[in-house]
Amino acid sequence: MARYIFVTGGVVSSLGKGLSSASLAYLLKSQGYKVRVRKMDPYLNVDPGTMSPFQHGEVFVTDDGAETDLDLGHYERFTNISAKKSDNITTGRIYSDIIKKERRGKYLGKTVQVIPHVTDRIKEFIVGDITNEDFVICEIGGTVGDIESLPFVEAIRQFSNENGKGKSLFIHLTLVPFLKSSDEIKTKPTQHSVKELRSLGIQPDIVICRSQKSIPLDQRKKISLFCNVSIDNVIETVDVRTIYEAPISFHNEKLDKQVLNFFKLKPRKKVNLTPWKRITKSVLEKKKIVDIAIIGKYVNLKDAYKSLDEALIHGGIDNNVKINLIRIESDKLKTNQIKKLLKNISGILIPGGFGKRGTEGKISAINYARKNKIPFLGICFGMQLAVVEFARNVLKIKKANSSELDKKCYPVVGLLNEWSKDGKLIKGSNKDLGGTMRLGIYKANLRHNSLIEKIYKSKFILERHRHRYEVNNNLRNKFENKGMIFSGMSPDDKLPEIVELKSHPWFIGVQFHPEFKSRPLNPHPLFSSFIKAAKFYK
Ligand code: GLN
């Protein structure tokens, strides 16, 4: 049986449970173990797909087409293991499954309750779709003590009890604040948080203490005493200079060693921290700065374009430059300011998006990038708007738009009701907004001698999608005659996947989201190439 590691959080949210889980996963994997990382989210949305990025940050998409919490992105980036649909669950999904079953009379007349029905469903999730993994790391969203997370905490308590104590390990991540006025580190919030967890029947085995400063031995002893955790299992995590330092820092603090000790295991091979040391050094070094403008709707929330920000940084690492991301709110981008705002920029990126607000600003920025030959990358919505811009200003189709934005337009981008995958036809839309998009990995064939073929060095690619609308393929000849090439197509040649401009050094639009597949240790070729073009633009 796999060994289970449950990660809970206390005191405050945003302490970096995801990053801690991801770093631990890397360390165990690097020492020869097979690892899976999962996330349980206590909110009532069935998946985060319909949540605004303002609310919850980016929606991450897996190969198999699940719309998941952005922490799964951290897991993938650190472990290089592709997450699956079965690695993320929400309270909403659990209740929706249970209520569906109840309506079908599957509970045989029983009263359906949180215990055992909800907790059983959570336990099913924990063990589901696991084959020969040595470790399953399960992160529980939210903070211990929240009403929403209670069933999850109860389920992991039951799980540990039912499977034998030595099979599951509880890690609790808390905050150890530093009070400047008294120059003191305070352990009380950690004591209270662990007390709360213990009142729910869980004694943590390891406490990870997030702190601004290193925690002195006396305070560690105090945490050990009050929290009933051996002193070696009080692990500190002092704010790192870059997230890529996290695996190194956790290893130095012996988190992986203590986890293996708990399960009475030894490393199967020596941990490899060299790549993290290399990129930490590279990120911290002073070097040429490349200004990249991201023009989108959700620029004020740091996590709204998490994978994208990461992918650009990876591209920077690959080109030995530092990326300065300039986030511009598309809503506020008026045509007369474009020149002023974009004058010193070396690359323009329009990310994925939905809805009308701010689209005209994005289209003006695309026009500026096209005319001034500034490196441009349009992702999903960004590609669709690049097509609209070209149709309006080069093909002179005045009413060109996407039918998502204007029902009466000339639809150069429109709703495709059917597309094929694995030989099956899938209906494109119904009334539900959740789970009805073209999601997950799809293949695209690349045009011979195109820029995109040179970048990927391949005849075809597999990339992740998340969209409902498609570029209208019936207009292909019109576009190509004027210099916008459809250089990537779905295997049936019906869906434009990539566009590029013949007379521009680097102008690419992609219907998919390459950012989901970029890794710090393996930067995505499209981002590397985009940053390279930007580096030499100025
Ligand atoms: N709104 C567009 C669509 O649904 C683009 C989506 C996106 O950028 N992810 O097709």
# chains A, B, ... in the order shown; residues from 1 in each chain; ligands from 1
>>> residues_around(residues="Cys409 of chain A", least_positions_apart="2", cutoff="6 Å", atoms="only C-alpha atoms", output="PyMOL selection string")
chain A and resi 399-401+406-407+411
>>> write_last_selection(atoms="N, CA, C and O atoms", output="tab-separated table (two decimals), in the first residue's frame")
chain	number	residue	atom	x	y	z
A	399	LYS	N	-16.54	44.67	-39.65
A	399	LYS	CA	-17.32	44.14	-38.54
A	399	LYS	C	-16.75	42.83	-37.99
A	399	LYS	O	-17.44	42.08	-37.29
A	400	ALA	N	-15.50	42.58	-38.31
A	400	ALA	CA	-14.90	41.32	-37.84
A	400	ALA	C	-14.81	41.31	-36.31
A	400	ALA	O	-14.44	42.30	-35.69
A	401	ASN	N	-15.18	40.17	-35.72
A	401	ASN	CA	-15.07	40.02	-34.26
A	401	ASN	C	-15.25	38.54	-33.92
A	401	ASN	O	-15.37	37.69	-34.82
A	406	ASP	N	-19.70	39.73	-29.80
A	406	ASP	CA	-20.71	40.49	-30.54
A	406	ASP	C	-21.48	39.51	-31.42
A	406	ASP	O	-20.95	38.95	-32.37
A	407	LYS	N	-22.73	39.34	-31.08
A	407	LYS	CA	-23.54	38.34	-31.79
A	407	LYS	C	-23.81	38.75	-33.25
A	407	LYS	O	-24.08	37.91	-34.10
A	411	PRO	N	-18.27	36.85	-38.01
A	411	PRO	CA	-17.53	36.00	-37.06
A	411	PRO	C	-16.25	35.37	-37.62
A	411	PRO	O	-16.27	34.30	-38.20
>>> residues_around(residues="Val144 of chain A", least_positions_apart="4", cutoff="8 Å", atoms="only C-alpha atoms", output="PyMOL selection string")
chain A and resi 8-11+149-150+153+193+196-197
>>> residues_around(residues="Gly32 of chain A", least_positions_apart="6", cutoff="8 Å", atoms="only C-alpha atoms", output="PyMOL selection string")
chain A and resi 267-269
>>> write_last_selection(atoms="C-alpha atoms", output="PDB file, in the first residue's frame")
ATOM      1  CA  PRO A 267      16.717   7.103   0.317  1.00  0.00           C
ATOM      2  CA  ARG A 268      16.909   4.805  -2.721  1.00  0.00           C
ATOM      3  CA  LYS A 269      19.321   7.221  -4.324  1.00  0.00           C
TER       4      LYS A 269
END
>>> residues_near_ligand(ligand="ligand 1", cutoff="9 Å", atoms="only C-alpha atoms and all ligand atoms", output="ChimeraX atom specification")
/A:351-355,379-384,402,404-405,413-415,437-438,465-471,511-513
>>> residues_around(residues="Lys457 of chain A", least_positions_apart="2", cutoff="12 Å", atoms="only C-alpha atoms", output="PyMOL selection string")
chain A and resi 445-455+459-461+525-526+529
>>> select_by_dssp(residues="segment 313-468 of chain A", states="strand (DSSP E or B)", output="MDAnalysis selection string")
chainID A and resid 322:329 347:350 376:379 400:402 410:415 418:421 424:427 438:446 460:467
>>> closest_residue(among="A:Lys101, A:Arg519, A:Arg370, A:Tyr442", to="Lys502 of chain A", atoms="only C-alpha atoms")
A:Arg370
>>> closest_residue(among="A:Glu102, A:Asp134, A:Asp129, A:Glu236", to="Ala25 of chain A", atoms="only C-alpha atoms")
A:Asp134
>>> atom_distance(atom1="atom CA of Ala386 of chain A", atom2="atom CA of Met484 of chain A")
9.9 Å
>>> atom_distance(atom1="atom CA of Val136 of chain A", atom2="atom CA of Arg38 of chain A")
7.4 Å
>>> atom_distance(atom1="atom CA of Glu285 of chain A", atom2="atom CA of Ile317 of chain A")
10.5 Å
>>> residues_around(residues="segment 301-307 of chain A", least_positions_apart="3", cutoff="12 Å", atoms="only C-alpha atoms", output="MDAnalysis selection string")
chainID A and resid 14 51:61 69:77 294:298 310:314 325 327:329 349:353 379 513:520 523:524 527
>>> write_last_selection(atoms="N, CA and C atoms", output="short mmCIF file (atom, residue, chain, number, x, y, z; two decimals), in the first residue's frame")
data_model
loop_
_atom_site.label_atom_id
_atom_site.label_comp_id
_atom_site.auth_asym_id
_atom_site.auth_seq_id
_atom_site.Cartn_x
_atom_site.Cartn_y
_atom_site.Cartn_z
N SER A 14 -2.47 31.09 2.75
CA SER A 14 -1.36 31.56 1.90
C SER A 14 0.02 31.41 2.52
N MET A 51 -15.01 29.82 -11.65
CA MET A 51 -14.64 30.87 -10.70
C MET A 51 -13.78 31.92 -11.40
N SER A 52 -14.01 33.17 -11.06
CA SER A 52 -13.20 34.23 -11.65
C SER A 52 -11.79 34.15 -11.08
N PRO A 53 -10.80 34.38 -11.94
CA PRO A 53 -9.43 34.39 -11.41
C PRO A 53 -9.23 35.44 -10.32
N PHE A 54 -10.13 36.46 -10.29
CA PHE A 54 -10.05 37.44 -9.20
C PHE A 54 -10.26 36.78 -7.86
N GLN A 55 -11.12 35.75 -7.88
CA GLN A 55 -11.51 35.08 -6.66
C GLN A 55 -10.46 34.09 -6.19
N HIS A 56 -9.99 33.31 -7.14
CA HIS A 56 -9.25 32.12 -6.72
C HIS A 56 -7.94 31.94 -7.47
N GLY A 57 -7.56 32.94 -8.23
CA GLY A 57 -6.35 32.78 -9.03
C GLY A 57 -6.64 31.96 -10.27
N GLU A 58 -5.58 31.59 -10.92
CA GLU A 58 -5.68 30.87 -12.19
C GLU A 58 -6.42 29.53 -12.08
N VAL A 59 -7.09 29.18 -13.18
CA VAL A 59 -7.63 27.82 -13.27
C VAL A 59 -6.59 27.00 -14.02
N PHE A 60 -6.08 25.96 -13.40
CA PHE A 60 -5.06 25.14 -14.04
C PHE A 60 -5.74 24.02 -14.81
N VAL A 61 -5.18 23.64 -15.95
CA VAL A 61 -5.79 22.59 -16.76
C VAL A 61 -4.81 21.41 -16.89
N ASP A 69 -7.44 23.45 -9.27
CA ASP A 69 -6.79 24.46 -8.45
C ASP A 69 -5.37 24.73 -8.95
N LEU A 70 -4.92 25.98 -8.78
CA LEU A 70 -3.59 26.31 -9.31
C LEU A 70 -2.45 25.61 -8.59
N ASP A 71 -2.72 25.08 -7.41
CA ASP A 71 -1.66 24.34 -6.72
C ASP A 71 -1.19 23.13 -7.52
N LEU A 72 -2.09 22.58 -8.34
CA LEU A 72 -1.66 21.44 -9.15
C LEU A 72 -0.58 21.86 -10.14
N GLY A 73 -0.60 23.14 -10.48
CA GLY A 73 0.46 23.68 -11.33
C GLY A 73 1.80 23.65 -10.62
N HIS A 74 1.79 24.05 -9.34
CA HIS A 74 3.03 23.96 -8.53
C HIS A 74 3.54 22.52 -8.51
N TYR A 75 2.63 21.60 -8.25
CA TYR A 75 3.03 20.19 -8.15
C TYR A 75 3.71 19.75 -9.44
N GLU A 76 3.05 20.08 -10.57
CA GLU A 76 3.61 19.65 -11.86
C GLU A 76 4.97 20.28 -12.12
N ARG A 77 5.06 21.58 -11.81
CA ARG A 77 6.31 22.28 -12.11
C ARG A 77 7.47 21.75 -11.28
N ILE A 294 2.17 42.24 -20.12
CA ILE A 294 1.03 41.32 -20.17
C ILE A 294 -0.21 42.20 -20.14
N ILE A 295 -1.01 42.08 -21.17
CA ILE A 295 -2.19 42.93 -21.22
C ILE A 295 -3.42 42.06 -21.02
N GLY A 296 -4.04 42.20 -19.86
CA GLY A 296 -5.16 41.33 -19.55
C GLY A 296 -6.14 41.99 -18.61
N LYS A 297 -7.13 41.18 -18.20
CA LYS A 297 -8.21 41.73 -17.39
C LYS A 297 -7.93 41.56 -15.90
N TYR A 298 -7.12 40.58 -15.58
CA TYR A 298 -6.97 40.24 -14.16
C TYR A 298 -5.58 40.58 -13.64
N GLU A 310 5.11 32.16 -14.46
CA GLU A 310 6.18 31.17 -14.26
C GLU A 310 6.85 30.84 -15.59
N ALA A 311 6.02 30.58 -16.61
CA ALA A 311 6.57 30.17 -17.91
C ALA A 311 7.48 31.27 -18.47
N LEU A 312 7.11 32.53 -18.26
CA LEU A 312 7.95 33.63 -18.74
C LEU A 312 9.27 33.66 -17.98
N ILE A 313 9.20 33.42 -16.68
CA ILE A 313 10.44 33.37 -15.88
C ILE A 313 11.33 32.23 -16.38
N HIS A 314 10.69 31.07 -16.67
CA HIS A 314 11.47 29.94 -17.19
C HIS A 314 12.17 30.32 -18.50
N LEU A 325 7.95 41.86 -15.60
CA LEU A 325 6.58 41.77 -16.11
C LEU A 325 5.85 43.07 -15.84
N ARG A 327 2.34 44.58 -15.96
CA ARG A 327 0.94 44.16 -16.11
C ARG A 327 0.10 45.37 -16.45
N ILE A 328 -0.58 45.30 -17.57
CA ILE A 328 -1.41 46.44 -17.98
C ILE A 328 -2.86 45.98 -18.06
N GLU A 329 -3.72 46.72 -17.38
CA GLU A 329 -5.13 46.37 -17.40
C GLU A 329 -5.74 46.79 -18.73
N LEU A 349 2.42 40.34 -24.63
CA LEU A 349 1.73 39.07 -24.49
C LEU A 349 0.27 39.32 -24.13
N ILE A 350 -0.63 38.74 -24.90
CA ILE A 350 -2.05 38.81 -24.54
C ILE A 350 -2.46 37.40 -24.09
N PRO A 351 -2.83 37.26 -22.83
CA PRO A 351 -3.14 35.93 -22.31
C PRO A 351 -4.58 35.50 -22.62
N GLY A 352 -4.96 34.34 -22.11
CA GLY A 352 -6.32 33.83 -22.26
C GLY A 352 -7.30 34.77 -21.57
N GLY A 353 -8.54 34.69 -21.96
CA GLY A 353 -9.53 35.55 -21.32
C GLY A 353 -10.93 35.24 -21.82
N ILE A 379 -2.13 34.18 -26.53
CA ILE A 379 -2.51 32.86 -26.02
C ILE A 379 -4.01 32.75 -25.97
N HIS A 513 -2.81 26.57 -24.39
CA HIS A 513 -2.12 27.23 -23.27
C HIS A 513 -0.76 26.57 -23.02
N PRO A 514 0.29 27.03 -23.71
CA PRO A 514 1.59 26.39 -23.52
C PRO A 514 2.12 26.56 -22.10
N GLU A 515 1.65 27.60 -21.39
CA GLU A 515 2.19 27.89 -20.06
C GLU A 515 2.00 26.74 -19.07
N PHE A 516 0.96 25.91 -19.32
CA PHE A 516 0.71 24.82 -18.37
C PHE A 516 1.78 23.72 -18.45
N LYS A 517 2.51 23.72 -19.55
CA LYS A 517 3.50 22.64 -19.69
C LYS A 517 4.95 23.11 -19.50
N SER A 518 5.13 24.36 -19.12
CA SER A 518 6.50 24.83 -18.90
C SER A 518 6.97 24.45 -17.50
N ARG A 519 8.23 24.06 -17.40
CA ARG A 519 8.78 23.66 -16.10
C ARG A 519 10.07 24.44 -15.86
N PRO A 520 10.36 24.77 -14.61
CA PRO A 520 11.61 25.50 -14.37
C PRO A 520 12.82 24.71 -14.86
N PRO A 523 12.22 24.53 -19.51
CA PRO A 523 11.41 25.65 -20.02
C PRO A 523 10.73 25.31 -21.35
N HIS A 524 9.55 25.87 -21.55
CA HIS A 524 8.79 25.58 -22.76
C HIS A 524 9.43 26.29 -23.96
N PHE A 527 8.05 29.80 -24.99
CA PHE A 527 8.40 30.91 -24.12
C PHE A 527 9.89 31.26 -24.25
#
>>> residues_around(residues="Leu341 of chain A", least_positions_apart="6", cutoff="10 Å", atoms="only C-alpha atoms", output="short mmCIF file (atom, residue, chain, number, x, y, z; two decimals) with N, CA and C atoms, in the first residue's frame")
data_model
loop_
_atom_site.label_atom_id
_atom_site.label_comp_id
_atom_site.auth_asym_id
_atom_site.auth_seq_id
_atom_site.Cartn_x
_atom_site.Cartn_y
_atom_site.Cartn_z
N ALA A 293 5.22 43.12 -21.56
CA ALA A 293 3.91 43.60 -21.11
C ALA A 293 2.89 42.48 -21.22
N ILE A 326 5.36 43.65 -16.89
CA ILE A 326 4.59 44.89 -16.72
C ILE A 326 3.14 44.54 -17.01
N ILE A 328 -0.58 45.30 -17.57
CA ILE A 328 -1.41 46.44 -17.98
C ILE A 328 -2.86 45.98 -18.06
N LEU A 333 -6.58 50.55 -21.20
CA LEU A 333 -5.65 50.82 -22.30
C LEU A 333 -6.38 51.53 -23.44
N LYS A 334 -6.34 52.82 -23.42
CA LYS A 334 -7.02 53.59 -24.47
C LYS A 334 -6.05 53.76 -25.65
N ALA A 365 -3.44 47.03 -28.84
CA ALA A 365 -2.07 46.65 -28.49
C ALA A 365 -1.51 45.66 -29.52
#
>>> select_by_dssp(residues="segment 231-387 of chain A", states="helix (DSSP H, G or I)", output="MDAnalysis selection string")
chainID A and resid 231:233 243:252 255:262 274:284 302:319 330:332 335:342 359:372 381:387
>>> residues_around(residues="Met1 of chain A", least_positions_apart="6", cutoff="9 Å", atoms="only C-alpha atoms", output="list in words")
Thr131, Asn132, Glu133, Asp134 and Lys167 of chain A
>>> write_last_selection(atoms="N, CA and C atoms", output="short mmCIF file (atom, residue, chain, number, x, y, z; two decimals), in the first residue's frame")
data_model
loop_
_atom_site.label_atom_id
_atom_site.label_comp_id
_atom_site.auth_asym_id
_atom_site.auth_seq_id
_atom_site.Cartn_x
_atom_site.Cartn_y
_atom_site.Cartn_z
N THR A 131 -1.88 3.37 -8.13
CA THR A 131 -1.44 2.02 -8.48
C THR A 131 -0.19 1.63 -7.69
N ASN A 132 0.96 2.01 -8.22
CA ASN A 132 2.17 1.57 -7.52
C ASN A 132 2.95 2.74 -6.90
N GLU A 133 2.24 3.80 -6.54
CA GLU A 133 2.91 4.95 -5.92
C GLU A 133 3.45 4.57 -4.55
N ASP A 134 4.63 5.09 -4.22
CA ASP A 134 5.16 4.89 -2.88
C ASP A 134 4.56 5.89 -1.91
N LYS A 167 0.99 4.14 8.39
CA LYS A 167 0.75 4.29 6.94
C LYS A 167 0.47 5.73 6.55
#
>>> closest_residue(among="A:Tyr43, A:Trp506, A:Tyr95, A:Phe226", to="His117 of chain A", atoms="only C-alpha atoms")
A:Tyr95
>>> closest_residue(among="A:Asp120, A:Thr143, A:Leu108, A:Cys138", to="Asn88 of chain A", atoms="only C-alpha atoms")
A:Cys138
